[in-house]
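Peer 1: File input-v1.cif below, mmCIF, C-alpha atoms, pLDDT in the B column; chains and numbers go by the auth columns:
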data_data
#
loop_
_atom_site.group_PDB
_atom_site.id
_atom_site.type_symbol
_atom_site.label_atom_id
_atom_site.label_comp_id
_atom_site.label_asym_id
_atom_site.label_seq_id
_atom_site.Cartn_x
_atom_site.Cartn_y
_atom_site.Cartn_z
_atom_site.B_iso_or_equiv
_atom_site.auth_seq_id
_atom_site.auth_asym_id
ATOM 1 C CA MET A 1 144.589 40.521 273.593 64.00 455 A
ATOM 2 C CA ALA A 2 146.465 37.228 273.452 76.00 456 A
ATOM 3 C CA ILE A 3 146.263 34.887 270.472 87.00 457 A
ATOM 4 C CA TRP A 4 144.804 31.553 271.562 89.00 458 A
ATOM 5 C CA GLN A 5 145.843 28.394 269.708 89.00 459 A
ATOM 6 C CA GLY A 6 143.651 25.903 271.532 88.00 460 A
ATOM 7 C CA ARG A 7 140.572 23.990 270.376 88.00 461 A
ATOM 8 C CA PRO A 8 137.656 25.972 268.945 89.00 462 A
ATOM 9 C CA LYS A 9 134.201 26.157 270.556 91.00 463 A
ATOM 10 C CA ARG A 10 132.509 24.809 267.430 95.00 464 A
ATOM 11 C CA LYS A 11 132.782 21.599 265.420 95.00 465 A
ATOM 12 C CA ALA A 12 133.341 21.603 261.646 95.00 466 A
ATOM 13 C CA SER A 13 129.619 20.871 261.276 96.00 467 A
ATOM 14 C CA GLY A 14 128.734 23.949 263.331 96.00 468 A
ATOM 15 C CA GLY A 15 127.737 22.052 266.467 96.00 469 A
ATOM 16 C CA ARG A 16 128.904 23.223 269.886 96.00 470 A
ATOM 17 C CA ILE A 17 131.825 21.608 271.732 94.00 471 A
ATOM 18 C CA ARG A 18 131.343 21.593 275.489 93.00 472 A
ATOM 19 C CA LEU A 19 134.797 22.456 276.862 89.00 473 A
ATOM 20 C CA SER A 20 136.011 20.260 279.715 91.00 474 A
ATOM 21 C CA ARG A 21 138.570 22.791 280.940 91.00 475 A
ATOM 22 C CA LYS A 22 139.611 26.425 280.692 90.00 476 A
ATOM 23 C CA LYS A 23 142.338 27.916 278.506 89.00 477 A
ATOM 24 C CA ARG A 24 145.948 27.049 279.353 90.00 478 A
ATOM 25 C CA LYS A 25 149.053 29.223 279.209 86.00 479 A
ATOM 26 C CA PHE A 26 150.818 26.852 276.771 86.00 480 A
ATOM 27 C CA GLU A 27 147.993 27.427 274.251 89.00 481 A
ATOM 28 C CA ILE A 28 148.813 31.141 273.928 87.00 482 A
ATOM 29 C CA GLY A 29 150.366 32.155 270.602 85.00 483 A
ATOM 30 C CA ARG A 30 152.476 35.211 269.746 84.00 484 A
ATOM 31 C CA GLU A 31 151.783 38.292 267.635 84.00 485 A
ATOM 32 C CA LYS A 32 153.041 38.253 264.038 84.00 486 A
ATOM 33 C CA GLN A 33 156.370 40.002 263.514 88.00 487 A
ATOM 34 C CA PHE A 34 157.515 39.939 259.929 92.00 488 A
ATOM 35 C CA THR A 35 161.032 39.629 258.538 94.00 489 A
ATOM 36 C CA HIS A 36 161.883 42.816 256.659 94.00 490 A
ATOM 37 C CA LEU A 37 164.841 43.809 254.525 94.00 491 A
ATOM 38 C CA GLY A 38 167.383 45.839 256.527 93.00 492 A
ATOM 39 C CA ILE A 39 170.264 45.815 259.015 95.00 493 A
ATOM 40 C CA PRO A 40 170.268 42.340 260.689 94.00 494 A
ATOM 41 C CA LYS A 41 168.268 42.017 263.910 94.00 495 A
ATOM 42 C CA VAL A 42 167.205 38.773 265.631 93.00 496 A
ATOM 43 C CA LYS A 43 164.841 38.604 268.610 92.00 497 A
ATOM 44 C CA GLN A 44 165.173 35.672 271.022 92.00 498 A
ATOM 45 C CA TYR A 45 162.127 34.061 272.642 87.00 499 A
ATOM 46 C CA ARG A 46 161.878 31.641 275.535 87.00 500 A
ATOM 47 C CA THR A 47 159.878 28.583 274.554 85.00 501 A
ATOM 48 C CA LYS A 48 158.558 25.571 276.424 85.00 502 A
ATOM 49 C CA GLY A 49 161.227 23.719 278.383 89.00 503 A
ATOM 50 C CA SER A 50 163.284 26.933 278.764 88.00 504 A
ATOM 51 C CA ASN A 51 164.545 26.589 275.180 90.00 505 A
ATOM 52 C CA GLN A 52 165.323 29.492 272.872 90.00 506 A
ATOM 53 C CA LYS A 53 163.806 30.348 269.493 88.00 507 A
ATOM 54 C CA GLY A 54 165.156 33.135 267.305 89.00 508 A
ATOM 55 C CA ARG A 55 162.923 35.358 265.207 92.00 509 A
ATOM 56 C CA VAL A 56 164.549 37.317 262.389 94.00 510 A
ATOM 57 C CA LEU A 57 163.091 40.827 262.335 95.00 511 A
ATOM 58 C CA LEU A 58 165.526 42.364 259.839 95.00 512 A
ATOM 59 C CA ALA A 59 167.875 40.639 257.398 95.00 513 A
ATOM 60 C CA ASP A 60 170.125 41.817 254.582 95.00 514 A
ATOM 61 C CA ALA A 61 171.771 38.502 253.632 96.00 515 A
ATOM 62 C CA ALA A 62 170.778 34.875 253.090 96.00 516 A
ATOM 63 C CA ASN A 63 172.545 31.518 253.023 96.00 517 A
ATOM 64 C CA VAL A 64 171.987 30.573 249.373 96.00 518 A
ATOM 65 C CA VAL A 65 172.503 27.036 248.043 96.00 519 A
ATOM 66 C CA ASP A 66 173.424 26.521 244.398 93.00 520 A
ATOM 67 C CA PRO A 67 171.770 23.185 243.410 92.00 521 A
ATOM 68 C CA LYS A 68 174.248 22.516 240.597 92.00 522 A
ATOM 69 C CA THR A 69 177.486 22.915 242.555 92.00 523 A
ATOM 70 C CA LYS A 70 176.005 22.133 246.023 93.00 524 A
ATOM 71 C CA VAL A 71 177.863 25.154 247.441 95.00 525 A
ATOM 72 C CA VAL A 72 176.392 27.421 250.144 96.00 526 A
ATOM 73 C CA LYS A 73 177.263 31.131 250.045 95.00 527 A
ATOM 74 C CA ARG A 74 176.213 34.046 252.215 96.00 528 A
ATOM 75 C CA VAL A 75 174.761 36.503 249.698 95.00 529 A
ATOM 76 C CA LYS A 76 173.268 39.990 249.985 96.00 530 A
ATOM 77 C CA ILE A 77 169.492 40.264 249.421 96.00 531 A
ATOM 78 C CA LEU A 78 168.580 43.113 247.069 96.00 532 A
ATOM 79 C CA THR A 79 164.764 42.989 247.057 95.00 533 A
ATOM 80 C CA VAL A 80 161.707 40.736 247.381 96.00 534 A
ATOM 81 C CA LYS A 81 160.369 39.760 243.934 96.00 535 A
ATOM 82 C CA THR A 82 157.273 37.660 244.761 95.00 536 A
ATOM 83 C CA ASN A 83 155.586 36.319 247.868 95.00 537 A
ATOM 84 C CA PRO A 84 152.833 33.694 247.464 94.00 538 A
ATOM 85 C CA SER A 85 151.483 34.165 250.990 93.00 539 A
ATOM 86 C CA ASN A 86 150.456 37.787 250.356 93.00 540 A
ATOM 87 C CA PRO A 87 151.076 40.034 247.307 92.00 541 A
ATOM 88 C CA ASN A 88 151.206 43.089 249.592 95.00 542 A
ATOM 89 C CA TYR A 89 154.360 41.683 251.244 95.00 543 A
ATOM 90 C CA VAL A 90 156.332 42.403 248.039 95.00 544 A
ATOM 91 C CA GLN A 91 155.783 46.168 248.367 94.00 545 A
ATOM 92 C CA ARG A 92 156.760 46.041 252.051 94.00 546 A
ATOM 93 C CA ASN A 93 159.823 43.769 251.425 94.00 547 A
ATOM 94 C CA ILE A 94 158.550 41.103 253.849 95.00 548 A
ATOM 95 C CA MET A 95 160.192 37.679 253.592 95.00 549 A
ATOM 96 C CA THR A 96 158.436 34.429 254.434 94.00 550 A
ATOM 97 C CA LYS A 97 158.981 30.812 253.437 95.00 551 A
ATOM 98 C CA GLY A 98 158.382 30.427 249.706 95.00 552 A
ATOM 99 C CA ALA A 99 159.110 34.069 248.876 96.00 553 A
ATOM 100 C CA THR A 100 161.322 34.762 245.849 96.00 554 A
ATOM 101 C CA VAL A 101 164.126 37.229 246.526 96.00 555 A
ATOM 102 C CA MET A 102 166.648 38.878 244.218 96.00 556 A
ATOM 103 C CA THR A 103 170.239 38.318 245.384 95.00 557 A
ATOM 104 C CA ASP A 104 173.705 39.042 244.018 93.00 558 A
ATOM 105 C CA LEU A 105 173.763 35.515 242.508 92.00 559 A
ATOM 106 C CA GLY A 106 170.261 35.779 241.002 92.00 560 A
ATOM 107 C CA GLU A 107 166.737 34.827 242.081 95.00 561 A
ATOM 108 C CA ALA A 108 166.361 32.504 245.074 96.00 562 A
ATOM 109 C CA VAL A 109 163.448 30.961 246.960 97.00 563 A
ATOM 110 C CA ILE A 110 163.467 31.183 250.757 96.00 564 A
ATOM 111 C CA THR A 111 163.316 27.695 252.271 96.00 565 A
ATOM 112 C CA SER A 112 163.509 28.489 256.004 94.00 566 A
ATOM 113 C CA ARG A 113 160.832 29.843 258.300 93.00 567 A
ATOM 114 C CA CYS A 114 162.496 33.125 259.253 90.00 568 A
ATOM 115 C CA GLY A 115 160.201 33.797 262.206 86.00 569 A
ATOM 116 C CA GLN A 116 160.867 30.348 263.695 87.00 570 A
ATOM 117 C CA ASP A 117 164.359 29.289 262.651 89.00 571 A
ATOM 118 C CA GLY A 118 166.226 32.541 263.301 91.00 572 A
ATOM 119 C CA VAL A 119 168.048 32.346 259.954 93.00 573 A
ATOM 120 C CA VAL A 120 167.306 33.078 256.282 96.00 574 A
ATOM 121 C CA ASN A 121 168.123 30.116 254.020 96.00 575 A
ATOM 122 C CA ALA A 122 167.390 30.107 250.294 96.00 576 A
ATOM 123 C CA MET A 123 167.861 27.995 247.167 96.00 577 A
ATOM 124 C CA LEU A 124 168.944 29.427 243.837 95.00 578 A
ATOM 125 C CA ILE A 125 166.363 29.110 241.042 93.00 579 A
ATOM 126 C CA GLN A 126 167.639 27.237 237.991 80.00 580 A
ATOM 127 C CA LYS A 127 167.132 29.139 234.751 71.00 581 A
ATOM 128 C CA GLU A 128 166.014 26.885 231.898 58.00 582 A
ATOM 129 C CA GLN A 129 167.990 27.388 228.684 49.00 583 A
#
Can the structure from this file be put into structure tokens for me?
Peer 2:
Amino acid sequence: MAIWQGRPKRKASGGRIRLSRKKRKFEIGREKQFTHLGIPKVKQYRTKGSNQKGRVLLADAANVVDPKTKVVKRVKILTVKTNPSNPNYVQRNIMTKGATVMTDLGEAVITSRCGQDGVVNAMLIQKEQ
């Protein structure tokens, strides 16, 4: 069954909204496909206006920014440390925006939306000394 992203049938107060039209094709969403740790794989989707959107299904490296030196390096991802969106994602090595990953340079926070942007970008966490 398709995921529908249109208006609900109920108001916030619980009252009924009388719909003036039926569902439209542009209101259909897509199934969740998570970004896992593994050999790189990107799936391309056609979006509105015949544009393309990439969805990262598997990734083994990230573009990591070092805030001190302002240098971007492509670094191998070792494992997912924490994920605030769902603790179960850590066991399954699922990466989303805000997840903390362990890289060759150290811990980094993912700043890109992997399922929307088609790339994994991260920022190195500064260790306080």
Peer 1: For the PyMOL selection byres ((chain A and resi 557) around 8), applied here, can you spell out every residue it catches as a ChimeraX atom specification?
Peer 2: /A:529-533,555-556,558-562
Peer 1: Give me the residues near region 512-524 of chain A as a VMD selection string, where near means some atom within 12 Å (using all atoms listed in the file) and where sequence neighbours in that chain fewer than 6 positions away do not count.
Peer 2: chain A and resid 487 to 497 530 to 534 547 to 550 554 to 566 568 to 569 572 to 581
Peer 1: Please, what distance in Å, to one decimal, runs between CA of Arg528 (chain A) and CA of Tyr499 (chain A)?
Peer 2: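 Atom-to-atom, CA of Arg528 (chain A) to CA of Tyr499 (chain A), that is 24.8 Å.
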Peer 1: When distances are computed from only C-alpha atoms, which of A:Arg464, A:Phe480, A:Ala553, A:Arg509 shows the smallest separation from Thr536 (chain A)?
Peer 2: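 Selected residue with least distance to Thr536 (chain A): A:Ala553.
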Peer 1: Put a box with edges along x, y and z around all the listed atoms of region 523-527 of chain A, pad it by 8 Å on each side, then give me its centre and sizes in Å, one decimal, as JSON.
Peer 2:
{"center_x": 176.9, "center_y": 26.6, "center_z": 246.3, "size_x": 17.9, "size_y": 25.0, "size_z": 23.6}
Peer 1: Near Glu481 (chain A), within 9 Å and counting only C-alpha atoms, which residues show up once chain neighbours fewer than 5 positions away are dropped, as a ChimeraX atom specification?
Peer 2: /A:457-460
Peer 1: To one decimal place, how far is CA of Ser474 (chain A) from CA of Lys502 (chain A) in Å?
Peer 2: 23.4 Å
Peer 1: Give me the residues within 12 Å of Arg461 (chain A) as a list in words, counting only C-alpha atoms and dropping any in the same chain fewer than 2 places off.
Peer 2: Trp458, Gln459, Lys463, Arg464, Lys465, Ala466, Arg470, Ile471, Arg472, Leu473, Ser474, Arg475, Lys476, Lys477, Arg478, Glu481 and Ile482 of chain A
Peer 1: Give me a file of those residues, with C-alpha atoms, as a compact mmCIF listing (two decimals), keeping the file's coordinate frame.
Peer 2:
# COMPACT_ATOMS: atom_id res chain seq x y z
CA TRP A 458 144.80 31.55 271.56
CA GLN A 459 145.84 28.39 269.71
CA LYS A 463 134.20 26.16 270.56
CA ARG A 464 132.51 24.81 267.43
CA LYS A 465 132.78 21.60 265.42
CA ALA A 466 133.34 21.60 261.65
CA ARG A 470 128.90 23.22 269.89
CA ILE A 471 131.82 21.61 271.73
CA ARG A 472 131.34 21.59 275.49
CA LEU A 473 134.80 22.46 276.86
CA SER A 474 136.01 20.26 279.71
CA ARG A 475 138.57 22.79 280.94
CA LYS A 476 139.61 26.42 280.69
CA LYS A 477 142.34 27.92 278.51
CA ARG A 478 145.95 27.05 279.35
CA GLU A 481 147.99 27.43 274.25
CA ILE A 482 148.81 31.14 273.93
Peer 1: By how many Å are CA of Asn505 (chain A) and CA of Lys551 (chain A) apart?
Peer 2: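 Computing it gives 22.8 Å between the two atoms.
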Peer 1: Taking all atoms listed in the file into account, name the residue in A:Ala456, A:Asp571, A:Gln506, A:Arg546 that is nearest to Glu485 (chain A).
Peer 2: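 Closest candidate: A:Ala456.
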Peer 1: Counting only C-alpha atoms, which of A:Val510, A:Gly552, A:Ser504, A:Gly469 gets nearest to Lys486 (chain A)?
Peer 2: A:Val510
